[in-house]
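Reproduced below: start_10.cif, with mmCIF, N, CA and C atoms.
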data_model
loop_
_atom_site.label_atom_id
_atom_site.label_comp_id
_atom_site.auth_asym_id
_atom_site.auth_seq_id
_atom_site.Cartn_x
_atom_site.Cartn_y
_atom_site.Cartn_z
N GLN A 1 -9.71 8.78 -9.77
CA GLN A 1 -8.79 9.64 -9.06
C GLN A 1 -8.83 11.05 -9.64
N VAL A 2 -8.72 12.01 -8.76
CA VAL A 2 -8.62 13.41 -9.16
C VAL A 2 -7.33 13.95 -8.57
N GLN A 3 -6.55 14.60 -9.40
CA GLN A 3 -5.33 15.25 -8.92
C GLN A 3 -5.58 16.75 -8.89
N LEU A 4 -5.17 17.36 -7.79
CA LEU A 4 -5.38 18.79 -7.58
C LEU A 4 -4.04 19.46 -7.30
N VAL A 5 -3.78 20.57 -7.97
CA VAL A 5 -2.54 21.31 -7.77
C VAL A 5 -2.87 22.78 -7.55
N GLU A 6 -2.55 23.28 -6.36
CA GLU A 6 -2.78 24.68 -6.04
C GLU A 6 -1.59 25.54 -6.47
N SER A 7 -1.87 26.79 -6.74
CA SER A 7 -0.82 27.76 -7.04
C SER A 7 -1.31 29.14 -6.66
N GLY A 8 -0.38 30.08 -6.60
CA GLY A 8 -0.75 31.46 -6.34
C GLY A 8 -0.49 31.95 -4.94
N GLY A 9 -0.05 31.07 -4.07
CA GLY A 9 0.26 31.50 -2.70
C GLY A 9 1.51 32.36 -2.66
N GLY A 10 1.76 32.95 -1.52
CA GLY A 10 2.95 33.77 -1.37
C GLY A 10 2.84 34.69 -0.18
N LEU A 11 3.73 35.68 -0.18
CA LEU A 11 3.80 36.66 0.89
C LEU A 11 3.15 37.96 0.41
N VAL A 12 2.28 38.51 1.23
CA VAL A 12 1.59 39.75 0.89
C VAL A 12 1.49 40.61 2.14
N GLN A 13 1.50 41.90 1.98
CA GLN A 13 1.32 42.80 3.12
C GLN A 13 -0.15 42.81 3.54
N ALA A 14 -0.36 43.07 4.81
CA ALA A 14 -1.72 43.18 5.31
C ALA A 14 -2.48 44.22 4.49
N GLY A 15 -3.71 43.87 4.15
CA GLY A 15 -4.52 44.73 3.30
C GLY A 15 -4.45 44.39 1.83
N GLY A 16 -3.51 43.55 1.48
CA GLY A 16 -3.33 43.17 0.09
C GLY A 16 -4.25 42.04 -0.33
N SER A 17 -4.07 41.61 -1.56
CA SER A 17 -4.92 40.58 -2.16
C SER A 17 -4.06 39.48 -2.79
N LEU A 18 -4.64 38.31 -2.88
CA LEU A 18 -4.04 37.19 -3.60
C LEU A 18 -5.15 36.40 -4.26
N ARG A 19 -4.84 35.77 -5.38
CA ARG A 19 -5.78 34.85 -6.00
C ARG A 19 -5.11 33.49 -6.11
N LEU A 20 -5.70 32.51 -5.48
CA LEU A 20 -5.22 31.15 -5.58
C LEU A 20 -5.95 30.43 -6.71
N SER A 21 -5.22 29.54 -7.35
CA SER A 21 -5.80 28.70 -8.39
C SER A 21 -5.61 27.24 -8.01
N CYS A 22 -6.52 26.41 -8.47
CA CYS A 22 -6.41 24.98 -8.26
C CYS A 22 -6.77 24.29 -9.56
N ALA A 23 -5.80 23.63 -10.15
CA ALA A 23 -6.01 22.91 -11.41
C ALA A 23 -6.28 21.45 -11.13
N ALA A 24 -7.33 20.93 -11.74
CA ALA A 24 -7.73 19.54 -11.54
C ALA A 24 -7.48 18.71 -12.78
N SER A 25 -7.17 17.46 -12.58
CA SER A 25 -7.00 16.54 -13.69
C SER A 25 -7.41 15.14 -13.25
N GLY A 26 -7.73 14.31 -14.22
CA GLY A 26 -7.98 12.92 -13.91
C GLY A 26 -9.40 12.45 -14.14
N ARG A 27 -10.38 13.23 -13.71
CA ARG A 27 -11.77 12.84 -13.88
C ARG A 27 -12.56 14.06 -14.37
N THR A 28 -13.82 13.86 -14.64
CA THR A 28 -14.65 14.95 -15.13
C THR A 28 -14.84 16.00 -14.04
N PHE A 29 -14.22 17.14 -14.24
CA PHE A 29 -14.21 18.19 -13.23
C PHE A 29 -15.61 18.63 -12.84
N ALA A 30 -16.50 18.70 -13.80
CA ALA A 30 -17.85 19.20 -13.54
C ALA A 30 -18.67 18.26 -12.65
N ASN A 31 -18.19 17.08 -12.38
CA ASN A 31 -18.89 16.15 -11.48
C ASN A 31 -18.58 16.39 -10.01
N TYR A 32 -17.69 17.35 -9.74
CA TYR A 32 -17.20 17.56 -8.39
C TYR A 32 -17.54 18.95 -7.88
N ALA A 33 -18.08 18.98 -6.67
CA ALA A 33 -18.10 20.23 -5.94
C ALA A 33 -16.67 20.51 -5.47
N MET A 34 -16.33 21.78 -5.37
CA MET A 34 -14.97 22.15 -4.99
C MET A 34 -14.97 23.01 -3.74
N GLY A 35 -13.94 22.84 -2.96
CA GLY A 35 -13.86 23.62 -1.73
C GLY A 35 -12.44 24.07 -1.45
N TRP A 36 -12.34 25.07 -0.59
CA TRP A 36 -11.05 25.54 -0.07
C TRP A 36 -11.08 25.44 1.45
N PHE A 37 -10.00 24.93 1.99
CA PHE A 37 -9.80 24.86 3.43
C PHE A 37 -8.45 25.50 3.74
N ARG A 38 -8.24 25.79 5.00
CA ARG A 38 -6.94 26.31 5.40
C ARG A 38 -6.57 25.77 6.76
N GLN A 39 -5.27 25.76 7.01
CA GLN A 39 -4.77 25.32 8.31
C GLN A 39 -3.64 26.23 8.73
N ALA A 40 -3.86 26.93 9.80
CA ALA A 40 -2.84 27.79 10.39
C ALA A 40 -2.02 26.98 11.39
N PRO A 41 -0.80 27.41 11.69
CA PRO A 41 0.05 26.68 12.64
C PRO A 41 -0.67 26.50 13.99
N GLY A 42 -0.70 25.26 14.44
CA GLY A 42 -1.29 24.96 15.73
C GLY A 42 -2.80 24.92 15.74
N LYS A 43 -3.42 25.06 14.57
CA LYS A 43 -4.89 25.07 14.50
C LYS A 43 -5.38 23.94 13.61
N GLU A 44 -6.66 23.66 13.72
CA GLU A 44 -7.26 22.61 12.91
C GLU A 44 -7.60 23.14 11.51
N HIS A 45 -7.86 22.17 10.61
CA HIS A 45 -8.35 22.53 9.29
C HIS A 45 -9.63 23.36 9.44
N GLU A 46 -9.72 24.40 8.63
CA GLU A 46 -10.87 25.29 8.70
C GLU A 46 -11.49 25.43 7.32
N PHE A 47 -12.81 25.30 7.24
CA PHE A 47 -13.51 25.51 5.98
C PHE A 47 -13.43 26.98 5.60
N VAL A 48 -13.01 27.24 4.38
CA VAL A 48 -12.95 28.61 3.87
C VAL A 48 -14.19 28.89 3.02
N GLY A 49 -14.44 28.01 2.07
CA GLY A 49 -15.60 28.18 1.21
C GLY A 49 -15.68 27.06 0.20
N GLY A 50 -16.82 26.98 -0.49
CA GLY A 50 -17.02 25.95 -1.48
C GLY A 50 -17.90 26.45 -2.61
N ILE A 51 -17.90 25.70 -3.70
CA ILE A 51 -18.70 26.07 -4.86
C ILE A 51 -19.31 24.82 -5.46
N SER A 52 -20.54 24.95 -5.91
CA SER A 52 -21.26 23.80 -6.45
C SER A 52 -20.71 23.38 -7.80
N ARG A 53 -21.13 22.23 -8.25
CA ARG A 53 -20.69 21.72 -9.53
C ARG A 53 -21.01 22.66 -10.68
N ASN A 54 -22.19 23.28 -10.61
CA ASN A 54 -22.61 24.12 -11.72
C ASN A 54 -22.15 25.56 -11.59
N ALA A 55 -21.33 25.83 -10.56
CA ALA A 55 -20.71 27.14 -10.35
C ALA A 55 -21.69 28.23 -9.95
N VAL A 56 -22.93 27.86 -9.70
CA VAL A 56 -23.93 28.88 -9.38
C VAL A 56 -23.97 29.18 -7.88
N TYR A 57 -23.77 28.16 -7.06
CA TYR A 57 -23.93 28.33 -5.62
C TYR A 57 -22.58 28.29 -4.92
N THR A 58 -22.43 29.19 -3.95
CA THR A 58 -21.23 29.22 -3.13
C THR A 58 -21.61 29.29 -1.65
N SER A 59 -20.67 28.90 -0.83
CA SER A 59 -20.86 28.96 0.61
C SER A 59 -19.52 29.31 1.23
N TYR A 60 -19.56 30.17 2.26
CA TYR A 60 -18.34 30.64 2.89
C TYR A 60 -18.42 30.51 4.40
N ALA A 61 -17.26 30.42 5.00
CA ALA A 61 -17.20 30.56 6.45
C ALA A 61 -17.70 31.96 6.80
N ASP A 62 -18.50 32.04 7.84
CA ASP A 62 -19.14 33.31 8.18
C ASP A 62 -18.12 34.46 8.33
N ALA A 63 -17.00 34.15 8.94
CA ALA A 63 -16.02 35.19 9.23
C ALA A 63 -15.33 35.71 7.97
N LEU A 64 -15.47 34.98 6.86
CA LEU A 64 -14.74 35.35 5.64
C LEU A 64 -15.65 35.95 4.57
N LYS A 65 -16.93 35.93 4.82
CA LYS A 65 -17.87 36.48 3.84
C LYS A 65 -17.54 37.93 3.55
N GLY A 66 -17.55 38.27 2.29
CA GLY A 66 -17.29 39.64 1.86
C GLY A 66 -15.85 39.90 1.50
N ARG A 67 -14.93 39.09 1.99
CA ARG A 67 -13.51 39.27 1.65
C ARG A 67 -13.01 38.22 0.68
N PHE A 68 -13.57 37.01 0.77
CA PHE A 68 -13.11 35.90 -0.08
C PHE A 68 -14.20 35.54 -1.09
N THR A 69 -13.77 35.21 -2.29
CA THR A 69 -14.71 34.83 -3.35
C THR A 69 -14.18 33.61 -4.08
N ILE A 70 -15.05 32.63 -4.23
CA ILE A 70 -14.70 31.41 -4.96
C ILE A 70 -15.40 31.42 -6.31
N SER A 71 -14.68 30.98 -7.32
CA SER A 71 -15.26 30.83 -8.65
C SER A 71 -14.62 29.61 -9.31
N ARG A 72 -15.22 29.17 -10.40
CA ARG A 72 -14.66 28.02 -11.12
C ARG A 72 -14.93 28.17 -12.61
N GLU A 73 -14.05 27.58 -13.37
CA GLU A 73 -14.21 27.51 -14.82
C GLU A 73 -14.13 26.04 -15.20
N ASN A 74 -15.29 25.44 -15.42
CA ASN A 74 -15.31 24.01 -15.70
C ASN A 74 -14.59 23.68 -17.01
N ALA A 75 -14.63 24.60 -17.96
CA ALA A 75 -13.95 24.35 -19.24
C ALA A 75 -12.43 24.30 -19.07
N LYS A 76 -11.93 24.92 -17.99
CA LYS A 76 -10.48 24.93 -17.73
C LYS A 76 -10.09 24.02 -16.57
N ASN A 77 -11.09 23.30 -16.01
CA ASN A 77 -10.81 22.41 -14.87
C ASN A 77 -10.11 23.13 -13.73
N THR A 78 -10.56 24.34 -13.45
CA THR A 78 -9.87 25.17 -12.47
C THR A 78 -10.86 25.85 -11.55
N VAL A 79 -10.49 25.93 -10.28
CA VAL A 79 -11.25 26.68 -9.28
C VAL A 79 -10.33 27.73 -8.70
N TYR A 80 -10.93 28.87 -8.33
CA TYR A 80 -10.14 30.01 -7.86
C TYR A 80 -10.62 30.44 -6.48
N LEU A 81 -9.71 31.05 -5.74
CA LEU A 81 -10.06 31.69 -4.47
C LEU A 81 -9.46 33.09 -4.48
N GLN A 82 -10.30 34.08 -4.61
CA GLN A 82 -9.85 35.47 -4.55
C GLN A 82 -9.93 35.93 -3.10
N MET A 83 -8.82 36.42 -2.58
CA MET A 83 -8.74 36.83 -1.18
C MET A 83 -8.35 38.31 -1.13
N ASN A 84 -9.19 39.11 -0.52
CA ASN A 84 -8.95 40.54 -0.41
C ASN A 84 -8.81 40.96 1.05
N SER A 85 -8.22 42.13 1.25
CA SER A 85 -8.07 42.70 2.60
C SER A 85 -7.48 41.68 3.57
N LEU A 86 -6.40 41.07 3.14
CA LEU A 86 -5.79 40.02 3.96
C LEU A 86 -5.21 40.58 5.25
N THR A 87 -5.30 39.79 6.29
CA THR A 87 -4.73 40.14 7.59
C THR A 87 -3.78 39.03 8.02
N PRO A 88 -2.94 39.29 9.01
CA PRO A 88 -2.06 38.22 9.50
C PRO A 88 -2.82 36.98 9.96
N GLU A 89 -4.07 37.15 10.37
CA GLU A 89 -4.88 36.01 10.80
C GLU A 89 -5.25 35.08 9.64
N ASP A 90 -5.06 35.54 8.42
CA ASP A 90 -5.33 34.70 7.25
C ASP A 90 -4.13 33.85 6.87
N THR A 91 -3.02 34.04 7.55
CA THR A 91 -1.81 33.26 7.28
C THR A 91 -2.07 31.79 7.57
N ALA A 92 -1.85 30.95 6.55
CA ALA A 92 -2.15 29.52 6.68
C ALA A 92 -1.70 28.82 5.40
N VAL A 93 -1.73 27.51 5.46
CA VAL A 93 -1.63 26.72 4.24
C VAL A 93 -3.05 26.52 3.73
N TYR A 94 -3.24 26.83 2.46
CA TYR A 94 -4.56 26.74 1.86
C TYR A 94 -4.62 25.51 0.95
N TYR A 95 -5.69 24.75 1.15
CA TYR A 95 -5.87 23.50 0.42
C TYR A 95 -7.12 23.56 -0.45
N CYS A 96 -6.98 23.04 -1.63
CA CYS A 96 -8.10 22.83 -2.54
C CYS A 96 -8.61 21.41 -2.35
N ALA A 97 -9.92 21.21 -2.46
CA ALA A 97 -10.49 19.88 -2.29
C ALA A 97 -11.63 19.66 -3.27
N ALA A 98 -11.81 18.41 -3.65
CA ALA A 98 -12.88 18.03 -4.58
C ALA A 98 -13.75 16.95 -3.94
N GLY A 99 -15.07 17.12 -4.09
CA GLY A 99 -16.00 16.14 -3.55
C GLY A 99 -17.03 15.74 -4.59
N ILE A 100 -17.14 14.44 -4.85
CA ILE A 100 -18.13 13.97 -5.82
C ILE A 100 -19.52 14.31 -5.29
N SER A 101 -20.39 14.76 -6.18
CA SER A 101 -21.72 15.17 -5.74
C SER A 101 -22.76 14.78 -6.77
N ASP A 102 -23.88 14.22 -6.30
CA ASP A 102 -24.97 13.86 -7.19
C ASP A 102 -25.82 15.08 -7.56
N PHE A 103 -25.67 16.15 -6.81
CA PHE A 103 -26.51 17.32 -7.01
C PHE A 103 -25.67 18.48 -7.51
N SER A 104 -26.06 19.06 -8.60
CA SER A 104 -25.26 20.12 -9.23
C SER A 104 -25.27 21.41 -8.42
N THR A 105 -26.22 21.53 -7.47
CA THR A 105 -26.34 22.77 -6.72
C THR A 105 -25.81 22.68 -5.29
N TYR A 106 -25.34 21.52 -4.89
CA TYR A 106 -24.93 21.31 -3.49
C TYR A 106 -23.52 21.83 -3.25
N VAL A 107 -23.32 22.45 -2.08
CA VAL A 107 -22.00 22.94 -1.68
C VAL A 107 -21.61 22.28 -0.36
N PRO A 108 -20.72 21.32 -0.38
CA PRO A 108 -20.30 20.68 0.87
C PRO A 108 -19.52 21.67 1.74
N ARG A 109 -19.67 21.52 3.05
CA ARG A 109 -18.95 22.37 3.99
C ARG A 109 -18.05 21.57 4.93
N ARG A 110 -18.27 20.28 5.00
CA ARG A 110 -17.51 19.46 5.94
C ARG A 110 -16.33 18.80 5.25
N GLN A 111 -15.23 18.71 5.96
CA GLN A 111 -14.01 18.10 5.42
C GLN A 111 -14.27 16.69 4.91
N ALA A 112 -15.09 15.93 5.63
CA ALA A 112 -15.34 14.54 5.27
C ALA A 112 -16.08 14.38 3.95
N GLU A 113 -16.67 15.44 3.46
CA GLU A 113 -17.40 15.38 2.20
C GLU A 113 -16.49 15.53 0.99
N TYR A 114 -15.24 15.79 1.24
CA TYR A 114 -14.28 15.96 0.14
C TYR A 114 -13.32 14.79 0.12
N GLY A 115 -13.24 14.12 -1.02
CA GLY A 115 -12.42 12.92 -1.10
C GLY A 115 -11.04 13.12 -1.67
N TYR A 116 -10.82 14.27 -2.28
CA TYR A 116 -9.54 14.52 -2.94
C TYR A 116 -9.01 15.88 -2.49
N TRP A 117 -7.70 15.91 -2.28
CA TRP A 117 -7.06 17.10 -1.73
C TRP A 117 -5.79 17.43 -2.48
N GLY A 118 -5.50 18.72 -2.61
CA GLY A 118 -4.22 19.15 -3.13
C GLY A 118 -3.17 19.15 -2.05
N GLN A 119 -1.96 19.54 -2.43
CA GLN A 119 -0.83 19.50 -1.50
C GLN A 119 -0.76 20.76 -0.64
N GLY A 120 -1.51 21.78 -1.01
CA GLY A 120 -1.54 23.02 -0.24
C GLY A 120 -0.58 24.06 -0.77
N THR A 121 -0.92 25.31 -0.52
CA THR A 121 -0.05 26.42 -0.87
C THR A 121 -0.03 27.41 0.28
N GLN A 122 1.15 27.90 0.61
CA GLN A 122 1.32 28.78 1.76
C GLN A 122 0.91 30.21 1.42
N VAL A 123 0.10 30.79 2.29
CA VAL A 123 -0.25 32.20 2.20
C VAL A 123 0.19 32.87 3.49
N THR A 124 0.98 33.93 3.35
CA THR A 124 1.45 34.66 4.52
C THR A 124 1.14 36.13 4.34
N ALA A 125 0.39 36.68 5.27
CA ALA A 125 0.07 38.10 5.27
C ALA A 125 0.83 38.75 6.42
N SER A 126 1.71 39.67 6.09
CA SER A 126 2.54 40.29 7.10
C SER A 126 1.96 41.63 7.53
N SER A 127 2.17 41.96 8.79
CA SER A 127 1.64 43.22 9.34
C SER A 127 2.63 44.35 9.13
#
Would you encode the structure as structure tokens?
Amino acid sequence: QVQLVESGGGLVQAGGSLRLSCAASGRTFANYAMGWFRQAPGKEHEFVGGISRNAVYTSYADALKGRFTISRENAKNTVYLQMNSLTPEDTAVYYCAAGISDFSTYVPRRQAEYGYWGQGTQVTASS
């Protein structure tokens, strides 16, 4: 079992920035690829981005490239999501997810590839 706890969400004005953190516990963090998803009211879960086990490779939703950055510190069992130039369209609950991976360089993009999920943290960007 892996337990994931997100933090860092909140209310920000459009154009502002937030950094989300996700702390993992329970199993060897470095064995898991990590991802961020979001869900806005009335919409489906959306892939935001992911990072490989070895922290070298990342993948992002096309629409978010250049504004969002994912990083991880395996020594601290933590993954981060830096979000810049936020707009009201980024308002959503953001979820951290962990997926076991045999390959240190693989970045899962599909929800089904992640077996563990955090409880989510609300991000609201006001206009």
Q: Could you please determine the separation between CA of Ala55 in chain A and atom C of Asp90 in chain A in Å, to one decimal place?
A: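 It comes out at 24.8 Å.
If you count only N, CA and C atoms and ignore residues fewer than 6 places along the chain from range 7-13 of chain A, what sits within 8 Å of it is Arg19, Leu20, Ser21, Cys22, Ala23, Ser85, Leu86, Thr87, Pro88, Tyr94, Gly120, Thr121, Gln122, Val123, Thr124, Ala125, Ser126 and Ser127 of chain A.
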Q) Where in range 26-87 of chain A does DSSP assign strand (DSSP E or B), given as an NGL selection string? A) :A and (32-39 or 46-51 or 58-60 or 68-73 or 78-83)
For Val79 in chain A, please output as a CSV table (one decimal) with N, CA and C atoms, in the frame of the given file all residues within 8 Å (counting all atoms listed in the file; exclusion window: fewer than 3 positions along the same chain).
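The result, stored in selection_2.csv:
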chain,number,residue,atom,x,y,z
A,20,LEU,N,-5.7,32.5,-5.5
A,20,LEU,CA,-5.2,31.2,-5.6
A,20,LEU,C,-6.0,30.4,-6.7
A,21,SER,N,-5.2,29.5,-7.4
A,21,SER,CA,-5.8,28.7,-8.4
A,21,SER,C,-5.6,27.2,-8.0
A,22,CYS,N,-6.5,26.4,-8.5
A,22,CYS,CA,-6.4,25.0,-8.3
A,22,CYS,C,-6.8,24.3,-9.6
A,23,ALA,N,-5.8,23.6,-10.2
A,23,ALA,CA,-6.0,22.9,-11.4
A,23,ALA,C,-6.3,21.4,-11.1
A,24,ALA,N,-7.3,20.9,-11.7
A,24,ALA,CA,-7.7,19.5,-11.5
A,24,ALA,C,-7.5,18.7,-12.8
A,34,MET,N,-16.3,21.8,-5.4
A,34,MET,CA,-15.0,22.2,-5.0
A,34,MET,C,-15.0,23.0,-3.7
A,35,GLY,N,-13.9,22.8,-3.0
A,35,GLY,CA,-13.9,23.6,-1.7
A,35,GLY,C,-12.4,24.1,-1.4
A,70,ILE,N,-15.0,32.6,-4.2
A,70,ILE,CA,-14.7,31.4,-5.0
A,70,ILE,C,-15.4,31.4,-6.3
A,71,SER,N,-14.7,31.0,-7.3
A,71,SER,CA,-15.3,30.8,-8.6
A,71,SER,C,-14.6,29.6,-9.3
A,72,ARG,N,-15.2,29.2,-10.4
A,72,ARG,CA,-14.7,28.0,-11.1
A,72,ARG,C,-14.9,28.2,-12.6
A,73,GLU,N,-14.0,27.6,-13.4
A,73,GLU,CA,-14.2,27.5,-14.8
A,73,GLU,C,-14.1,26.0,-15.2
A,74,ASN,N,-15.3,25.4,-15.4
A,74,ASN,CA,-15.3,24.0,-15.7
A,74,ASN,C,-14.6,23.7,-17.0
A,76,LYS,N,-11.9,24.9,-18.0
A,76,LYS,CA,-10.5,24.9,-17.7
A,76,LYS,C,-10.1,24.0,-16.6
A,82,GLN,N,-10.3,34.1,-4.6
A,82,GLN,CA,-9.8,35.5,-4.6
A,82,GLN,C,-9.9,35.9,-3.1
**Q.** Reference answer for the PyMOL selection byres ((chain A and resi 48) around 6.5), as an NGL selection string
**A.** :A and (36-38 or 46-47 or 49-50 or 59-61)
Q: Using the chain letters and residue numbers of this document, give as a PyMOL selection string the residues selected by the PyMOL selection byres ((chain A and resi 108) around 6.5).
A: chain A and resi 33+50-51+106-107+109-110+113
(Q) At a cut-off of 12 Å, using only C-alpha atoms, what residues contact Thr28 in chain A? Leave out same-chain residues fewer than 3 positions from it and give the result as a list in words. (A)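 So the residues in contact are Gln1, Val2, Gln3, Ala24, Ser25, Asn31, Tyr32, Ala33, Arg53, Asn74, Ala75, Lys76, Asn77, Thr78, Ala98, Gly99, Ile100 and Ser101 of chain A.
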Q | Interatomic distance (Å, one decimal) between atom N of Val93 in chain A and CA of Phe29 in chain A | A |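 So the answer is 24.3 Å.
As for atom N of Thr69 in chain A and CA of Ser17 in chain A, they are spaced 10.4 Å apart.
If all atoms listed in the file are the atoms counted, then among A:Leu4, A:Leu18, A:Ala30, A:Gln119 the closest residue to Ser52 in chain A is A:Ala30.
Considering all atoms listed in the file, the residue among A:Trp117, A:Gly15, A:Glu44, A:Leu64 positioned nearest to Cys96 in chain A is A:Trp117.
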Residue completion, range 66-77 of chain A, N, CA, C and O atoms, as a CSV table (one decimal), in the coordinates of the input:
chain,number,residue,atom,x,y,z
A,66,GLY,N,-17.6,38.3,2.3
A,66,GLY,CA,-17.3,39.6,1.9
A,66,GLY,C,-15.8,39.9,1.5
A,66,GLY,O,-15.6,40.9,0.8
A,67,ARG,N,-14.9,39.1,2.0
A,67,ARG,CA,-13.5,39.3,1.6
A,67,ARG,C,-13.0,38.2,0.7
A,67,ARG,O,-12.1,38.5,-0.1
A,68,PHE,N,-13.6,37.0,0.8
A,68,PHE,CA,-13.1,35.9,-0.1
A,68,PHE,C,-14.2,35.5,-1.1
A,68,PHE,O,-15.4,35.6,-0.8
A,69,THR,N,-13.8,35.2,-2.3
A,69,THR,CA,-14.7,34.8,-3.4
A,69,THR,C,-14.2,33.6,-4.1
A,69,THR,O,-13.0,33.6,-4.5
A,70,ILE,N,-15.0,32.6,-4.2
A,70,ILE,CA,-14.7,31.4,-5.0
A,70,ILE,C,-15.4,31.4,-6.3
A,70,ILE,O,-16.6,31.8,-6.4
A,71,SER,N,-14.7,31.0,-7.3
A,71,SER,CA,-15.3,30.8,-8.6
A,71,SER,C,-14.6,29.6,-9.3
A,71,SER,O,-13.6,29.1,-8.8
A,72,ARG,N,-15.2,29.2,-10.4
A,72,ARG,CA,-14.7,28.0,-11.1
A,72,ARG,C,-14.9,28.2,-12.6
A,72,ARG,O,-15.9,28.8,-13.0
A,73,GLU,N,-14.0,27.6,-13.4
A,73,GLU,CA,-14.2,27.5,-14.8
A,73,GLU,C,-14.1,26.0,-15.2
A,73,GLU,O,-13.1,25.5,-15.3
A,74,ASN,N,-15.3,25.4,-15.4
A,74,ASN,CA,-15.3,24.0,-15.7
A,74,ASN,C,-14.6,23.7,-17.0
A,74,ASN,O,-14.0,22.6,-17.2
A,75,ALA,N,-14.6,24.6,-18.0
A,75,ALA,CA,-14.0,24.4,-19.2
A,75,ALA,C,-12.4,24.3,-19.1
A,75,ALA,O,-11.7,23.7,-19.9
A,76,LYS,N,-11.9,24.9,-18.0
A,76,LYS,CA,-10.5,24.9,-17.7
A,76,LYS,C,-10.1,24.0,-16.6
A,76,LYS,O,-8.9,24.0,-16.2
A,77,ASN,N,-11.1,23.3,-16.0
A,77,ASN,CA,-10.8,22.4,-14.9
A,77,ASN,C,-10.1,23.1,-13.7
A,77,ASN,O,-9.2,22.6,-13.1
